[in-house]
Amino acid sequence: MNGNGIGISSEQVISKLIEMGFENSNVIEAVKVVGPSVDDAVDYILNGCLRNSHRTTSNSTSSANNVKALGRKAPSSSCSSGQKRQSSILEHFQSAGRTKRSATAVVEQSKPPLSDESYCIKSTTISDAFPVECSDELDIGPDWEHKVNSLLQKQFGHFSLKSFQIEALTAWLAHQDCLVLAATGSGKSLCFQIPALLTGKVVVVISPLISLMHDQCLKLATHGVSACFLGSGQPDSTVETKAMRGSYGIMYICPETVLRLINPLQMLAKNRGIALFAIDEVHCVSKWGHDFRPDYRRLSVLREKFSASTLKFLKFDIPLMALTATATLQVREDILKSLSMSKETKVVVTSFFRPNLRFSVKHSRTSSQSSYKKDFGELIDIYGRKTKAGGKKHIQEFSGASGSISEADATSGNDSTDVEDCDSERDDEIYSTEQNGSRISKGKEMSVEYLENEVDVFQSVDDWDVAYGEFCVQAPHKDCDFVGASESMDPPNRLEERNQLLKENLEEGPTIIYVPTRKDTLNIAKYLCSCGVKAAAYNAGLRKSHLRQVHKEFHENTLEVVVATIAFGMGIDKLNVRRIIHYGWPQSLEAYYQEAGRAGRDGKLADCILIANLKRVPSLLPSKRTAEQTMQAYKMLSDCFRYGMNNSCCRAQKLVEYFGEKFSNEKCLLCDVCINGPPEAQNLKEEADILMQVIAAYHARNFDNASYYDGTSIRQRYREKPDLRMFVSKIRVQSQKFIATDLLWWQGLARIMEGKGLIREGDDKNHVQITIPEPTELGLEFLQRKEDETFLVHPEADMLLSMSKSESYSSFSDWGKGWADPEIRRQRLERMRSQTKQRKGRGPRKPRKRNSSKQSPDMKTVRGRITAITEKLSKSKGKLTWLR
Ligand SMILES: Nc1ncnc2c1ncn2[C@@H]1O[C@H](COP(=O)(O)OP(=O)(O)OP(=O)(O)O)[C@@H](O)[C@H]1O
Ligand SMILES: [Mg+2]
């Protein structure tokens with residue numbers, strides 16, 4: 001190859017120019033225009049840059065565009081003053097000769113860290129690329145905020161930084177580690193993107209999903225920032241090698257890869273410089289979080305390997321910035337500890353509250369296609385296309401299910417009839433999922449409802465087949481919604497602005513439906529397509545080309561609905577998503593809030609609807625978990641279940657308080673609870689009393705070795721600890737009044753009593769809903785209270801549902817109100833009894849055999865016995881030791 005590069009390929013010229021330190025995008029453009037000649041390309045770039053420099057002074061708008069077109073790091077006057085790499089391309093050439101020696105020294109000094117041949121850049125190359133060793137001083141000046149704001153306007157079209165972004169950047173400028181906890185869609189990415197723009201050094205972003213990295217790189221490219229992502233699949237040495245040589249301002253890496261690249265990254269830190277390690281979606285670090293990724297935990301090596309004590313050329317440790325939108329207090333502590341973040345780590349917390357999101361919960365069986373018509377009818381009306389012909393076209397185009405489900409199957413959903421919840425889903429079914437999942441299967445984590453290959457779990461980052469990708473600066477796509485990001489505002493927080501939101505109608509925009517299984521994505525997408533909605537399925541089992549297509553069409557607003565598993569979750573940043581529907585129970589509130597956070601990122605009103613079978617206790621989706629993780633998973637699922645059952649407290653309040661935030665606004669004013677109000681409080685003293693009595697009596701009998709149950713061992717009869725179902729049957733035997741009150745209702749009451757500390761779970765196995773109730777001391781005290789005292793509670797969703805078979809959830813509250821009135825209750829019970837009799841008269845279902853000789857003593861006796869035991873215990877031991 002001669003000096004002019006004649007006789008070499010375009011690729012070699014590009015590679016040579018990049019090694020010389022030119023920006024990737026400039027090089028590609030130059031080679032496109034002048035062909036495979038190094039000198040001509042240099043000329044082209046230099047002239048282009050010089051022309052841009054002149055324009056900068058005369059016309060700032062066009063200069064911004066030109067700088068964009070040629071890559072930000074081209075030497076124009078608009079380059080950041082903090083840029084250390086080289087002040088101009090001309091200087092670069094002048095300095096090339098004199099810096100050769102120092103660059104050689106770089107290689108020599110850095111012998112130990114470099115193990116991988118591909119990163120052992122020859123001395124001549126390194127001298128071109130990195131004329132001076134990089135300093136880690138951040139000479140950005142006191143007016144950095146001003147600089148950043150103008151950069152922000154030019155590069156991203158935003159007017160100013162948000163206060164939490166300023167805080168995070170201030171910590172970074174002070175070389176401090178930082179943990180950023182800010183709501184979904186609040187703009188956390190800018191906190192780590194700005195350092196790359198401001199210094200010209202590289203920012204390494206650790207991210208859990210390739211699709212997420214892809215989205216972010218694409219967006220950066222449209223904003224004129226070169227970026228790349230590296231996955232853990234087949235190595236494409238070009239991008240990885242270039243990245244390690246510092247060709248990209250921002251590089252996204254999955255945790256597995258960053259651990260493999262420690263030595264080359266140390267080299268990069270020495271040469272171009274690493275401004276920051278950002279660990280995005282950092283809740284993945286924590287075992288207590290919802291997307292635990294073991295490799296995230298191993299990232300603690302970053303603190304050690306990139307500290308000033310390890311890398312002698314550094315004055316300061318390279319800061320770590322960890323970011324998430326969903327971390328409870330426990331998760332935050334775990335993050336700081338697991339990543340070995342410094343003791344001086346700055347924790348930047350903003351409110352998790354998203355004031356423009358309208359949360360609601362609805363009941364549906366969701367288990368069959370027959371529910372779709374009812375549940376998605378409104379959605380179909382909104383998108384307003386009901387022609388079957390159009391629908392069929394979309395089945396082929398979008399559903400991604402071609403070959404797996406026939407068209408006939410798909411359209412059949414349209415003809416299905418609405419099946420109302422029926423009696424079959426009674427006592428026996430309430431616990432069925434949980435029993436399948438954890439009790440009957442004795443320790444198996446998997447519910448029979450789901451098969452492991454039917455659900456998406458974060459096992460691998462390579463959710464796409466694009467293992468490697470580089471993103472050169474691009475012209476903005478005219479249809480991509482993120483181009484208009486400048487219009488994006490802070491969501492309205494003040495009361496008057498929220499009142500304004502109340503008056504708003506939901507604007508047009510796409511919907512994401514989250515479902516638990518891959519099969520659901522296909523079924524629902526097919527159904528919607530058959531109704532004329534432009535819908536597509538998205539799950540990790542579908543063809544990669546299909547997934548890419550869905551991403552593209554979703555961002556280009558071609559798709560109206562994406563029906564997805566969690567694979568389409570984290571980081572999706574599309575401004576105008578108007579509706580997030582969770583169809584089926586999410587596995588945790590973290591996952592729920594994370595996914596709901598895809599809605600309304602433009603600050604305008606958006607709906608977040610949870611449609612789930614509120615009559616059923618949800619089960620865990622299969623995943624490989626340790627015993628400790630299983631326990632935590634149950635805890636999270638249980639919290640999620642309680643969120644769905646709640647109907648008396650503002651939903652937004654419940655959500656932000658879950659993340660440890662004190663809700664400063666009294667109410668969100670938008671959610672279904674705020675709009676409809678809670679169901680009327682009822683005095684359930686009598687019901688709570690009787691439940692407490694049968695529970696306490698059983699435990700008293702065990703303690704006292706008395707035979708309250710007339711000799712028959714309950715353990716023998718049930719072959720396990722007595723559960724709520726057994727206590728409810730006991731109540732039914734004892735009191736005619738409660739003969740028709742079903743288990744679902746008692747389940748709700750037990751949960752409320754557990755919440756008030758009167759009973760607790762007595763089983764060491766994991767449960768979503770209290771199953772083996774045991775009395776607490778407070779519960780026993782409760783029994784001593786006078787009968788005329790009140791126990792006012794708002795009946796929860798399952799209690800209201802148990803009282804109505806056909807009413808829609810929103811109207812249950814009225815029905816429930818009547819339950820407190822003895823006359824109404826009497827009439828309803830009468831009606832239920834006659835229905836039960838009729839059923840019995842029909843035949844085969846025989847009434848359960850009850851042994852009349854084993855009738856319980858009356859309540860007075862029980863109460864007396866409990867009082868005696870309590871007194872005896874408090875005298876002898878001072879406390880009830882038999883209570884665990
Ligand atoms: N200072 C700002 N002013 C206006 N808009 C901003 C600002 N900072 C960020 N944004 C916009 O906010 C949107 C969301 O940003 P980003 O994707 O970084 O959110 P996030 O906090 O990372 O959310 P998630 O937790 O969902 O990943 C983007 O479209 C971005 O352009
Ligand atoms: Mg983000």
# chains A, B, ... in the order shown; residues from 1 in each chain; ligands from 1

call {"tool": "closest_atom_pairs", "arguments": {"of": "chain A", "to": "ligand 2", "cutoff": "8 Å", "atoms": "only C-alpha atoms and all ligand atoms", "output": "CSV"}}
result
residue,atom,partner,partner_atom_place_in_ligand_line,distance
A:Thr184,CA,ligand 2,1 (Mg),7.0
A:Gly185,CA,ligand 2,1 (Mg),6.9
A:Gly187,CA,ligand 2,1 (Mg),7.0
A:Lys188,CA,ligand 2,1 (Mg),5.7
A:Ser189,CA,ligand 2,1 (Mg),5.5
A:Asp280,CA,ligand 2,1 (Mg),6.7
A:Glu281,CA,ligand 2,1 (Mg),6.9
A:Leu323,CA,ligand 2,1 (Mg),7.8
A:Thr324,CA,ligand 2,1 (Mg),7.3
A:Ala325,CA,ligand 2,1 (Mg),7.9
A:Met570,CA,ligand 2,1 (Mg),7.3
A:Gly571,CA,ligand 2,1 (Mg),4.7
A:Ile572,CA,ligand 2,1 (Mg),7.8
A:Asp573,CA,ligand 2,1 (Mg),7.7

call {"tool": "residues_near_ligand", "arguments": {"ligand": "ligand 1", "cutoff": "8 Å", "atoms": "only C-alpha atoms and all ligand atoms", "output": "PyMOL selection string"}}
result
chain A and resi 152+156+158-162+165+182-190+216+281+324-326+482+485-490+570-575+594+597-598+601-602

call {"tool": "select_by_dssp", "arguments": {"residues": "region 597-778 of chain A", "states": "helix (DSSP H, G or I)", "output": "VMD selection string"}}
result
chain A and resid 627 to 645 651 to 658 672 to 676 685 to 704 714 to 718 724 to 734 736 to 738 743 to 755 777 to 778

call {"tool": "residues_around", "arguments": {"residues": "Leu357 (chain A)", "least_positions_apart": "6", "cutoff": "12 Å", "atoms": "only C-alpha atoms", "output": "ChimeraX atom specification"}}
result
/A:183-185,491-493,498,501-502,506,577-580,593,596-609,651-653,655,668-672

call {"tool": "write_last_selection", "arguments": {"atoms": "N, CA, C and O atoms", "output": "short mmCIF file (atom, residue, chain, number, x, y, z; two decimals), in the first residue's frame"}}
result
data_model
loop_
_atom_site.label_atom_id
_atom_site.label_comp_id
_atom_site.auth_asym_id
_atom_site.auth_seq_id
_atom_site.Cartn_x
_atom_site.Cartn_y
_atom_site.Cartn_z
N ALA A 183 -37.96 8.34 37.76
CA ALA A 183 -39.12 7.68 37.14
C ALA A 183 -38.82 7.23 35.70
O ALA A 183 -37.92 7.76 35.05
N THR A 184 -39.59 6.27 35.23
CA THR A 184 -39.49 5.85 33.84
C THR A 184 -39.75 7.06 32.95
O THR A 184 -40.62 7.89 33.25
N GLY A 185 -38.97 7.18 31.91
CA GLY A 185 -39.20 8.27 30.94
C GLY A 185 -38.76 9.64 31.42
O GLY A 185 -39.04 10.64 30.78
N PRO A 491 -43.37 15.95 32.81
CA PRO A 491 -44.81 15.75 33.00
C PRO A 491 -45.35 16.74 34.03
O PRO A 491 -44.65 17.11 34.96
N PRO A 492 -46.57 17.19 33.85
CA PRO A 492 -47.11 18.18 34.76
C PRO A 492 -47.22 17.63 36.17
O PRO A 492 -47.68 16.53 36.37
N ASN A 493 -46.77 18.37 37.10
CA ASN A 493 -46.73 17.89 38.48
C ASN A 493 -47.66 18.68 39.38
O ASN A 493 -48.16 18.19 40.37
N ARG A 498 -52.50 19.03 36.74
CA ARG A 498 -53.14 17.72 36.81
C ARG A 498 -54.65 17.84 36.60
O ARG A 498 -55.28 17.00 36.00
N LEU A 501 -55.17 17.82 33.09
CA LEU A 501 -55.11 16.46 32.55
C LEU A 501 -56.45 15.75 32.68
O LEU A 501 -56.87 14.99 31.82
N LEU A 502 -57.12 16.05 33.80
CA LEU A 502 -58.41 15.41 34.06
C LEU A 502 -59.43 15.73 32.97
O LEU A 502 -60.30 14.93 32.66
N LEU A 506 -58.01 11.08 25.97
CA LEU A 506 -56.82 10.35 25.56
C LEU A 506 -56.57 10.63 24.07
O LEU A 506 -57.48 10.45 23.26
N VAL A 577 -46.95 6.52 23.31
CA VAL A 577 -47.71 5.31 23.67
C VAL A 577 -48.84 5.73 24.62
O VAL A 577 -48.61 6.31 25.67
N ARG A 578 -50.05 5.48 24.22
CA ARG A 578 -51.20 6.01 24.96
C ARG A 578 -51.80 5.01 25.94
O ARG A 578 -52.54 5.37 26.85
N ARG A 579 -51.50 3.74 25.73
CA ARG A 579 -52.15 2.73 26.55
C ARG A 579 -51.19 1.57 26.81
O ARG A 579 -50.58 1.04 25.87
N ILE A 580 -51.06 1.20 28.07
CA ILE A 580 -50.35 -0.05 28.39
C ILE A 580 -51.38 -0.93 29.08
O ILE A 580 -51.96 -0.55 30.11
N TYR A 593 -44.56 -1.58 36.99
CA TYR A 593 -44.34 -0.13 36.89
C TYR A 593 -43.34 0.18 35.77
O TYR A 593 -43.45 1.18 35.08
N ALA A 596 -45.41 -0.28 32.62
CA ALA A 596 -46.39 0.82 32.54
C ALA A 596 -45.70 2.12 32.17
O ALA A 596 -46.28 2.99 31.52
N GLY A 597 -44.43 2.21 32.57
CA GLY A 597 -43.66 3.43 32.30
C GLY A 597 -43.39 3.67 30.83
O GLY A 597 -42.89 4.72 30.44
N ARG A 598 -43.75 2.72 29.96
CA ARG A 598 -43.62 2.96 28.52
C ARG A 598 -44.69 3.94 28.05
O ARG A 598 -44.59 4.48 26.96
N ALA A 599 -45.73 4.15 28.85
CA ALA A 599 -46.84 4.99 28.42
C ALA A 599 -46.58 6.47 28.72
O ALA A 599 -45.86 6.81 29.66
N GLY A 600 -47.16 7.31 27.90
CA GLY A 600 -47.20 8.76 28.15
C GLY A 600 -45.86 9.42 28.37
O GLY A 600 -45.75 10.33 29.19
N ARG A 601 -44.86 9.01 27.63
CA ARG A 601 -43.55 9.63 27.83
C ARG A 601 -43.47 11.03 27.24
O ARG A 601 -42.47 11.72 27.36
N ASP A 602 -44.55 11.46 26.57
CA ASP A 602 -44.64 12.84 26.10
C ASP A 602 -45.30 13.73 27.14
O ASP A 602 -45.53 14.91 26.92
N GLY A 603 -45.61 13.18 28.30
CA GLY A 603 -46.23 13.99 29.36
C GLY A 603 -47.74 14.11 29.23
O GLY A 603 -48.40 14.66 30.10
N LYS A 604 -48.29 13.58 28.14
CA LYS A 604 -49.74 13.67 27.96
C LYS A 604 -50.43 12.47 28.60
O LYS A 604 -49.79 11.43 28.84
N LEU A 605 -51.74 12.64 28.81
CA LEU A 605 -52.52 11.60 29.47
C LEU A 605 -52.33 10.23 28.80
O LEU A 605 -52.36 10.11 27.58
N ALA A 606 -52.15 9.20 29.63
CA ALA A 606 -52.03 7.82 29.09
C ALA A 606 -52.65 6.85 30.10
O ALA A 606 -52.66 7.12 31.30
N ASP A 607 -53.14 5.74 29.57
CA ASP A 607 -53.82 4.74 30.41
C ASP A 607 -52.91 3.57 30.73
O ASP A 607 -52.22 3.06 29.84
N CYS A 608 -52.94 3.12 31.97
CA CYS A 608 -52.23 1.90 32.37
C CYS A 608 -53.25 1.00 33.03
O CYS A 608 -53.66 1.23 34.17
N ILE A 609 -53.69 -0.01 32.29
CA ILE A 609 -54.80 -0.84 32.75
C ILE A 609 -54.29 -2.24 33.08
O ILE A 609 -53.65 -2.87 32.24
N ARG A 651 -54.11 4.47 43.44
CA ARG A 651 -53.19 3.47 42.89
C ARG A 651 -51.77 4.03 42.70
O ARG A 651 -50.79 3.34 42.95
N ALA A 652 -51.71 5.28 42.27
CA ALA A 652 -50.38 5.88 42.08
C ALA A 652 -49.67 5.96 43.43
O ALA A 652 -48.46 5.71 43.52
N GLN A 653 -50.42 6.27 44.46
CA GLN A 653 -49.85 6.34 45.80
C GLN A 653 -49.29 4.97 46.21
O GLN A 653 -48.17 4.85 46.70
N LEU A 655 -48.26 2.65 44.34
CA LEU A 655 -47.08 2.31 43.54
C LEU A 655 -45.84 3.06 44.02
O LEU A 655 -44.80 2.45 44.25
N CYS A 668 -53.67 10.92 43.14
CA CYS A 668 -53.29 11.22 41.75
C CYS A 668 -54.44 11.89 41.00
O CYS A 668 -54.24 12.54 39.99
N LEU A 669 -55.64 11.69 41.47
CA LEU A 669 -56.88 12.25 40.90
C LEU A 669 -57.31 11.58 39.60
O LEU A 669 -58.34 11.90 39.05
N LEU A 670 -56.50 10.67 39.09
CA LEU A 670 -56.81 10.07 37.79
C LEU A 670 -57.21 8.60 37.86
O LEU A 670 -57.95 8.12 37.02
N CYS A 671 -56.69 7.88 38.84
CA CYS A 671 -56.86 6.41 38.83
C CYS A 671 -58.32 6.04 39.11
O CYS A 671 -59.12 6.88 39.54
N ASP A 672 -58.65 4.77 38.89
CA ASP A 672 -60.04 4.35 39.07
C ASP A 672 -60.51 4.54 40.51
O ASP A 672 -61.67 4.89 40.74
#

call {"tool": "residues_around", "arguments": {"residues": "Lys305 (chain A)", "least_positions_apart": "3", "cutoff": "9 Å", "atoms": "only C-alpha atoms", "output": "PyMOL selection string"}}
result
chain A and resi 262-263+266+301-302+308-311

call {"tool": "select_by_dssp", "arguments": {"residues": "region 655-812 of chain A", "states": "strand (DSSP E or B)", "output": "count of residues only"}}
result
10

call {"tool": "closest_residue", "arguments": {"among": "A:Gly35, A:Pro679, A:Gly660, A:Pro510", "to": "Thr350 (chain A)", "atoms": "only C-alpha atoms"}}
result
A:Gly660

call {"tool": "residues_around", "arguments": {"residues": "Pro618 (chain A)", "least_positions_apart": "2", "cutoff": "9 Å", "atoms": "only C-alpha atoms", "output": "list in words"}}
result
Tyr431, Thr433, Glu434, Gly584, Trp585, Pro586, Gln587, Asn613, Leu614, Arg616, Leu620, Leu637, Ser638, Phe641 and Val768 of chain A

call {"tool": "closest_residue", "arguments": {"among": "A:Ala243, A:Cys640, A:Ala171, A:Ile512", "to": "Ser226 (chain A)", "atoms": "only C-alpha atoms"}}
result
A:Ala243

call {"tool": "closest_residue", "arguments": {"among": "A:Asp520, A:Glu777, A:Glu761, A:Asp742", "to": "Ser804 (chain A)", "atoms": "only C-alpha atoms"}}
result
A:Asp742

call {"tool": "atom_distance", "arguments": {"atom1": "CA of Glu789 (chain A)", "atom2": "CA of Leu744 (chain A)"}}
result
25.0 Å

call {"tool": "residues_around", "arguments": {"residues": "Met251 (chain A)", "least_positions_apart": "3", "cutoff": "6 Å", "atoms": "only C-alpha atoms", "output": "ChimeraX atom specification"}}
result
/A:204,227-229

call {"tool": "atom_distance", "arguments": {"atom1": "CA of Asn505 (chain A)", "atom2": "CA of Lys219 (chain A)"}}
result
29.3 Å

call {"tool": "closest_residue", "arguments": {"among": "A:Val205, A:Ala221, A:Leu792, A:Leu299", "to": "Asn683 (chain A)", "atoms": "only C-alpha atoms"}}
result
A:Leu792

call {"tool": "closest_residue", "arguments": {"among": "A:Gln682, A:Asn665, A:Ser163, A:Ser802", "to": "Thr741 (chain A)", "atoms": "only C-alpha atoms"}}
result
A:Ser802
